[in-house]
Each structure stands twice: as structure tokens, then as C-alpha cells.
Amino acid sequence: CVSARTPFAAHRHTTTKTTQSHLLSIMKFTAACSLALLASASAFAPSTTSSRDSALQLSKQDFANAGKIALAGVAAFSLMGQPANAITKAELNELTYLQVKGTGLANRCPEVVGEDSITPKSGQKLVDMCIEPKAWAVEEEIGKGGKTEKKFVNSKVMTRQTYTLDGVEGPLDTSSGKIVFKEKEGIDYAATTVQLPGGERVPFLFTVKDLVAKGSGPAFTPGFQMGGDFNTPSYRTGLFLDPKGRGGTTGYDMAVALPGLQSGEEGDDELFKENNKVFDVTSGRIEMEVNKVNAEEQEIGGVFVATQLSDTDMGSKVPKKILTKGIFYARVD
């Protein structure tokens, strides 16, 4: 009896060991995959160091004039450290579409490592310029003690992660002894909406179209500053139709439910701006300060502060002044 049961017992023992070994291999593979996914997620997660609705510490003296606005904004962001998961342009170029998709990296500007110096020549260009806003404020009239004064109020961005400008480029001119950058093309505008603490939403077209930025010296070094004016096109184009079907180049020329207002001496004066759509082009200004330069990769990075006007709803509303602060990246080609 013993000799008859021994082969079966040995076979069962061998089978049990094989099953346990197989399960152990599966468990090890699952653990390795989990660790890899966690590492990948932490490596490519969007920055949490600087929140999109981070507060702006603004004082009255910050807005005494345009120059002080720029210096105050640049100083504020110069004090901020780089995020722990900062990513360079070279690291971004190594990622595939699926690795970037859904992570927010497409809305972030690369970081620059180094404090070198780059002296460009006339004919060279600034390419791959990326401008990423980090904080927004809207100028409002605030009443206190029977008096009203204008102050910039912190606001929260409501637009999804599509508000960063990218691929902006243009030629550099150094004939005057100082660097002058002229913006020519790229993804140089982004429709953006911010919300005030009271709930009011303010749309504006964040842009640097036709920027002519004059520099403070002949070379890109830490501390180099440049700034200039740019054009801000209308938030909406002529083909846009309002709820009454009125537009700039198409649609009705008045609200069809109110034809009687066309008659009489005053006519539709009260609705003149609503009926007569215009494509407003306003001006803005941006100031930049370089704080990182990588001579080997010909890269520069730094901070910026920009002021511009909000949407006018094609001429029917009074625009508000928008203050934007953030970081930028560019490469000398």
C-alpha cells in the first residue's frame, strides 16, 4: 500500500511547488508594474508648487507706473524656487504623445538649468518661445469709507490647461548694441477666462502679437531684462453671432424683436453699441527678466509680468485691466 501511494504523493507535491512558484512570479510582476506606474505618474505629474490660483501680493506702490509693475512682478517670481519636478526641454522631447496626454505637461514651459551667457548676432532668432501664466489679477474699483479706489484683485483661472503660448518666434536685432526681439509667428494667443471672488467672470485674449521687446544689453545673462508693447485683437471675430443673431460681418444689424426702435429721433441709441459690432484691437505691455541661461543648449528662461485689456464684447462693454505673471522659455537659433 505504501509503495502504491508514494508516486501519487510525489506528483502532488511537485504540482503544488510549481503552482506556488507560478503565483509568486505573478505577484512579483504585478508589484513591479505598480511601482513603475507610480514612478511614471510622479515623474510627469503637473507642478503643485505654484498653483494656478496662487495669490498675488500687490501693494499700491506696485502700480505707480508701468515700470514698477514690471519690476514688482519680476521680483516676486524671482523669489519663487523651481518646482521639485521641473522638466527640461530635452526631457520633454524624449516623451511620447501617450506619456504627455492627460498629464498637463503640454501646458507647461520647460525649465532651464545654468547661469551662462549668450551673445546673439543680428539675423539669429528666438524660437520655441513658451509663455506660461502662473497668476492673474483684475483691476476693480473698491469702495471703502465713502471713497473708491482702483486695486488689482486676485482671480482664479477658469480655462482648462490651454492658456499657455507656445512656438512663438521672431528675429533678433543687435545693430543698436542692445537686443531687440520682434514677434512674428507661433501660437501667440489663447482665449482665457478668469473669475473674480464675487463670481464675475472676465474673458480676455492672452497674447503677445506683434511684440517688439527691447533689451537692456547685448547678451542674455541672468538679470537681463527686455520688454515692449504688443497688440491685443478682439476676443471674438466678425463671424461671431450674439444671442440675438447680431454679428460684425454677418447676421442681423439689430434685434429683430425690437424693430420699432428704428423709428423716431433717438431711434435705437440705447442699443447702438449692442447692434453695431466692432473688432477692437487694444494694446498691452510685457516685461521679462532672464534668470537662467544654458549656453550649451542655447536656452534662456525667466519670469514675466504683462498688462492688457479684457474683452469688450465687440464694443458693447468697458474692458477691464488684466495683470498676468508667470514664466517663459526660449531658445536662440
# chains A, B, ... in the order shown; residues from 1 in each chain; ligands from 1
$ residues_around --residues "segment 280-286 of chain A" --least-positions-apart "6" --cutoff "9 Å" --atoms "only C-alpha atoms" --output "list in words"
Ala66, Ala70, Thr207, Val208, Leu211, Ala213, Met226, Gly227, Gly228, Asp229, Phe230, Asn231, Thr232, Pro233, Ser234, Tyr235, Phe304, Val305, Ala306, Thr307, Gln308, Leu309, Asp311, Thr312, Met314 and Gly315 of chain A
$ select_by_dssp --residues "segment 156-302 of chain A" --states "strand (DSSP E)" --output "number ranges by chain"
A: 156-157, 165-173, 180-182, 185-187, 189-195, 201-207, 212-215, 225-232, 282-294, 299-302
$ residues_around --residues "segment 173-188 of chain A" --least-positions-apart "3" --cutoff "10 Å" --atoms "only C-alpha atoms" --output "number ranges by chain"
A: 119-131, 164-170, 205-220, 225-228, 230
$ write_last_selection --atoms "N, CA and C atoms" --output "CSV table (one decimal), in the first residue's frame"
chain,number,residue,atom,x,y,z
A,119,THR,N,25.5,85.6,-26.4
A,119,THR,CA,25.6,86.8,-27.1
A,119,THR,C,25.1,86.6,-28.5
A,120,PRO,N,23.8,86.9,-28.8
A,120,PRO,CA,23.3,86.6,-30.2
A,120,PRO,C,23.8,87.6,-31.2
A,121,LYS,N,23.7,87.3,-32.5
A,121,LYS,CA,24.1,88.2,-33.6
A,121,LYS,C,22.8,88.5,-34.4
A,122,SER,N,22.9,89.7,-35.1
A,122,SER,CA,21.7,90.0,-35.9
A,122,SER,C,21.5,89.0,-37.0
A,123,GLY,N,20.3,88.6,-37.2
A,123,GLY,CA,20.0,87.5,-38.1
A,123,GLY,C,19.5,86.3,-37.4
A,124,GLN,N,20.0,86.1,-36.2
A,124,GLN,CA,19.5,85.0,-35.4
A,124,GLN,C,18.1,85.2,-34.9
A,125,LYS,N,17.5,84.1,-34.4
A,125,LYS,CA,16.1,84.2,-34.0
A,125,LYS,C,15.9,83.6,-32.6
A,126,LEU,N,14.9,84.1,-31.9
A,126,LEU,CA,14.4,83.4,-30.7
A,126,LEU,C,13.3,82.5,-31.2
A,127,VAL,N,13.4,81.2,-30.9
A,127,VAL,CA,12.4,80.2,-31.4
A,127,VAL,C,11.9,79.4,-30.1
A,128,ASP,N,10.9,78.7,-30.4
A,128,ASP,CA,10.3,77.8,-29.4
A,128,ASP,C,9.9,78.6,-28.1
A,129,MET,N,9.6,79.9,-28.2
A,129,MET,CA,9.3,80.6,-27.0
A,129,MET,C,8.0,80.1,-26.4
A,130,CYS,N,8.0,79.9,-25.1
A,130,CYS,CA,6.8,79.5,-24.4
A,130,CYS,C,6.6,80.5,-23.2
A,131,ILE,N,5.3,80.9,-23.1
A,131,ILE,CA,5.0,81.9,-22.1
A,131,ILE,C,3.8,81.3,-21.3
A,164,THR,N,-1.5,78.6,-22.2
A,164,THR,CA,0.0,78.8,-22.4
A,164,THR,C,0.3,79.1,-23.9
A,165,LEU,N,1.1,80.1,-24.2
A,165,LEU,CA,1.5,80.4,-25.5
A,165,LEU,C,2.8,79.6,-25.8
A,166,ASP,N,2.9,79.1,-27.1
A,166,ASP,CA,4.0,78.2,-27.4
A,166,ASP,C,4.4,78.3,-28.8
A,167,GLY,N,5.6,78.0,-29.1
A,167,GLY,CA,6.1,78.0,-30.5
A,167,GLY,C,6.2,79.4,-31.1
A,168,VAL,N,6.3,80.4,-30.2
A,168,VAL,CA,6.4,81.8,-30.6
A,168,VAL,C,7.9,82.1,-31.1
A,169,GLU,N,8.0,82.8,-32.2
A,169,GLU,CA,9.4,83.0,-32.6
A,169,GLU,C,9.4,84.4,-33.4
A,170,GLY,N,10.7,84.8,-33.6
A,170,GLY,CA,10.9,86.1,-34.3
A,170,GLY,C,12.4,86.4,-34.3
A,205,LEU,N,-8.2,87.8,-24.2
A,205,LEU,CA,-7.3,87.1,-25.2
A,205,LEU,C,-5.9,87.3,-24.7
A,206,PHE,N,-5.3,86.3,-24.1
A,206,PHE,CA,-3.9,86.4,-23.6
A,206,PHE,C,-3.0,86.2,-24.9
A,207,THR,N,-2.2,87.2,-25.1
A,207,THR,CA,-1.4,87.3,-26.4
A,207,THR,C,-0.2,88.1,-26.3
A,208,VAL,N,0.7,88.0,-27.3
A,208,VAL,CA,1.9,88.8,-27.4
A,208,VAL,C,2.1,89.2,-28.9
A,209,LYS,N,1.0,89.3,-29.6
A,209,LYS,CA,1.0,89.5,-31.0
A,209,LYS,C,1.8,90.8,-31.4
A,210,ASP,N,2.6,90.8,-32.4
A,210,ASP,CA,3.4,92.0,-32.8
A,210,ASP,C,4.2,92.6,-31.7
A,211,LEU,N,4.7,91.8,-30.8
A,211,LEU,CA,5.5,92.3,-29.7
A,211,LEU,C,6.9,92.8,-30.3
A,212,VAL,N,7.3,93.9,-29.8
A,212,VAL,CA,8.6,94.4,-30.0
A,212,VAL,C,9.3,94.7,-28.7
A,213,ALA,N,10.1,93.8,-28.3
A,213,ALA,CA,10.7,93.8,-26.9
A,213,ALA,C,12.2,94.3,-27.0
A,214,LYS,N,12.5,95.4,-26.3
A,214,LYS,CA,13.8,96.0,-26.3
A,214,LYS,C,14.6,95.5,-25.1
A,215,GLY,N,15.8,95.1,-25.3
A,215,GLY,CA,16.6,94.5,-24.1
A,215,GLY,C,17.4,95.6,-23.5
A,216,SER,N,18.0,95.2,-22.3
A,216,SER,CA,18.8,96.1,-21.5
A,216,SER,C,20.3,95.9,-21.8
A,217,GLY,N,20.7,95.0,-22.7
A,217,GLY,CA,22.1,94.8,-23.0
A,217,GLY,C,22.3,94.0,-24.3
A,218,PRO,N,23.5,93.7,-24.6
A,218,PRO,CA,23.8,92.9,-25.8
A,218,PRO,C,23.8,91.4,-25.7
A,219,ALA,N,23.7,90.9,-24.5
A,219,ALA,CA,23.8,89.5,-24.2
A,219,ALA,C,22.7,89.0,-23.2
A,220,PHE,N,22.3,87.8,-23.4
A,220,PHE,CA,21.4,87.1,-22.5
A,220,PHE,C,22.2,86.6,-21.3
A,225,GLN,N,17.0,92.1,-18.8
A,225,GLN,CA,15.6,92.5,-18.9
A,225,GLN,C,15.2,93.0,-20.3
A,226,MET,N,14.0,92.7,-20.8
A,226,MET,CA,13.5,93.2,-22.1
A,226,MET,C,12.0,93.3,-22.0
A,227,GLY,N,11.5,94.3,-22.7
A,227,GLY,CA,10.0,94.5,-22.6
A,227,GLY,C,9.6,95.4,-23.7
A,228,GLY,N,8.3,95.4,-24.0
A,228,GLY,CA,7.7,96.2,-25.0
A,228,GLY,C,6.2,96.0,-25.2
A,230,PHE,N,2.6,95.2,-27.3
A,230,PHE,CA,2.0,94.2,-28.2
A,230,PHE,C,0.6,94.6,-28.5
$ atom_distance --atom1 "atom CA of Asn154 of chain A" --atom2 "atom CA of Gly198 of chain A"
11.0 Å
$ atom_distance --atom1 "atom CA of Cys109 of chain A" --atom2 "atom CA of Phe328 of chain A"
6.6 Å
$ select_by_dssp --residues "segment 80-175 of chain A" --states "helix (DSSP H, G or I)" --output "NGL selection string"
:A and (89-93 or 97-100 or 105-107)
$ write_last_selection --atoms "N, CA, C and O atoms" --output "PDB file, in the first residue's frame"
ATOM      1  N   LYS A  89      13.670  70.942 -21.584  1.00  0.00           N
ATOM      2  CA  LYS A  89      13.228  70.748 -22.962  1.00  0.00           C
ATOM      3  C   LYS A  89      13.693  69.394 -23.498  1.00  0.00           C
ATOM      4  O   LYS A  89      12.947  68.708 -24.204  1.00  0.00           O
ATOM      5  N   ALA A  90      14.933  68.998 -23.172  1.00  0.00           N
ATOM      6  CA  ALA A  90      15.453  67.717 -23.641  1.00  0.00           C
ATOM      7  C   ALA A  90      14.628  66.554 -23.093  1.00  0.00           C
ATOM      8  O   ALA A  90      14.353  65.582 -23.802  1.00  0.00           O
ATOM      9  N   GLU A  91      14.220  66.648 -21.835  1.00  0.00           N
ATOM     10  CA  GLU A  91      13.398  65.595 -21.246  1.00  0.00           C
ATOM     11  C   GLU A  91      12.011  65.552 -21.871  1.00  0.00           C
ATOM     12  O   GLU A  91      11.444  64.477 -22.083  1.00  0.00           O
ATOM     13  N   LEU A  92      11.456  66.725 -22.190  1.00  0.00           N
ATOM     14  CA  LEU A  92      10.150  66.772 -22.848  1.00  0.00           C
ATOM     15  C   LEU A  92      10.202  66.133 -24.231  1.00  0.00           C
ATOM     16  O   LEU A  92       9.276  65.431 -24.643  1.00  0.00           O
ATOM     17  N   ASN A  93      11.297  66.381 -24.950  1.00  0.00           N
ATOM     18  CA  ASN A  93      11.425  65.837 -26.305  1.00  0.00           C
ATOM     19  C   ASN A  93      11.510  64.316 -26.322  1.00  0.00           C
ATOM     20  O   ASN A  93      11.241  63.694 -27.350  1.00  0.00           O
ATOM     21  N   TYR A  97       3.625  60.872 -27.226  1.00  0.00           N
ATOM     22  CA  TYR A  97       2.315  61.526 -27.106  1.00  0.00           C
ATOM     23  C   TYR A  97       1.513  60.938 -25.940  1.00  0.00           C
ATOM     24  O   TYR A  97       0.897  61.674 -25.164  1.00  0.00           O
ATOM     25  N   LEU A  98       1.521  59.627 -25.815  1.00  0.00           N
ATOM     26  CA  LEU A  98       0.748  58.984 -24.759  1.00  0.00           C
ATOM     27  C   LEU A  98       1.303  59.298 -23.373  1.00  0.00           C
ATOM     28  O   LEU A  98       0.557  59.322 -22.390  1.00  0.00           O
ATOM     29  N   GLN A  99       2.615  59.537 -23.270  1.00  0.00           N
ATOM     30  CA  GLN A  99       3.190  59.903 -21.977  1.00  0.00           C
ATOM     31  C   GLN A  99       2.824  61.331 -21.575  1.00  0.00           C
ATOM     32  O   GLN A  99       2.753  61.646 -20.393  1.00  0.00           O
ATOM     33  N   VAL A 100       2.574  62.180 -22.552  1.00  0.00           N
ATOM     34  CA  VAL A 100       2.212  63.568 -22.267  1.00  0.00           C
ATOM     35  C   VAL A 100       0.707  63.724 -22.085  1.00  0.00           C
ATOM     36  O   VAL A 100       0.241  64.532 -21.274  1.00  0.00           O
ATOM     37  N   LEU A 105       1.461  68.400 -19.061  1.00  0.00           N
ATOM     38  CA  LEU A 105       2.793  68.833 -19.492  1.00  0.00           C
ATOM     39  C   LEU A 105       2.723  69.707 -20.748  1.00  0.00           C
ATOM     40  O   LEU A 105       3.586  70.554 -20.952  1.00  0.00           O
ATOM     41  N   ALA A 106       1.710  69.496 -21.592  1.00  0.00           N
ATOM     42  CA  ALA A 106       1.596  70.282 -22.820  1.00  0.00           C
ATOM     43  C   ALA A 106       1.313  71.745 -22.525  1.00  0.00           C
ATOM     44  O   ALA A 106       1.514  72.603 -23.387  1.00  0.00           O
ATOM     45  N   ASN A 107       0.859  72.051 -21.315  1.00  0.00           N
ATOM     46  CA  ASN A 107       0.556  73.426 -20.935  1.00  0.00           C
ATOM     47  C   ASN A 107       1.664  74.048 -20.097  1.00  0.00           C
ATOM     48  O   ASN A 107       1.524  75.168 -19.618  1.00  0.00           O
TER      49      ASN A 107
END
$ atom_distance --atom1 "atom CA of Arg331 of chain A" --atom2 "atom CA of Ala191 of chain A"
24.9 Å
$ closest_residue --among "A:Thr221, A:Thr250, A:Thr324, A:Thr159" --to "Ile118 of chain A" --atoms "only C-alpha atoms"
A:Thr221
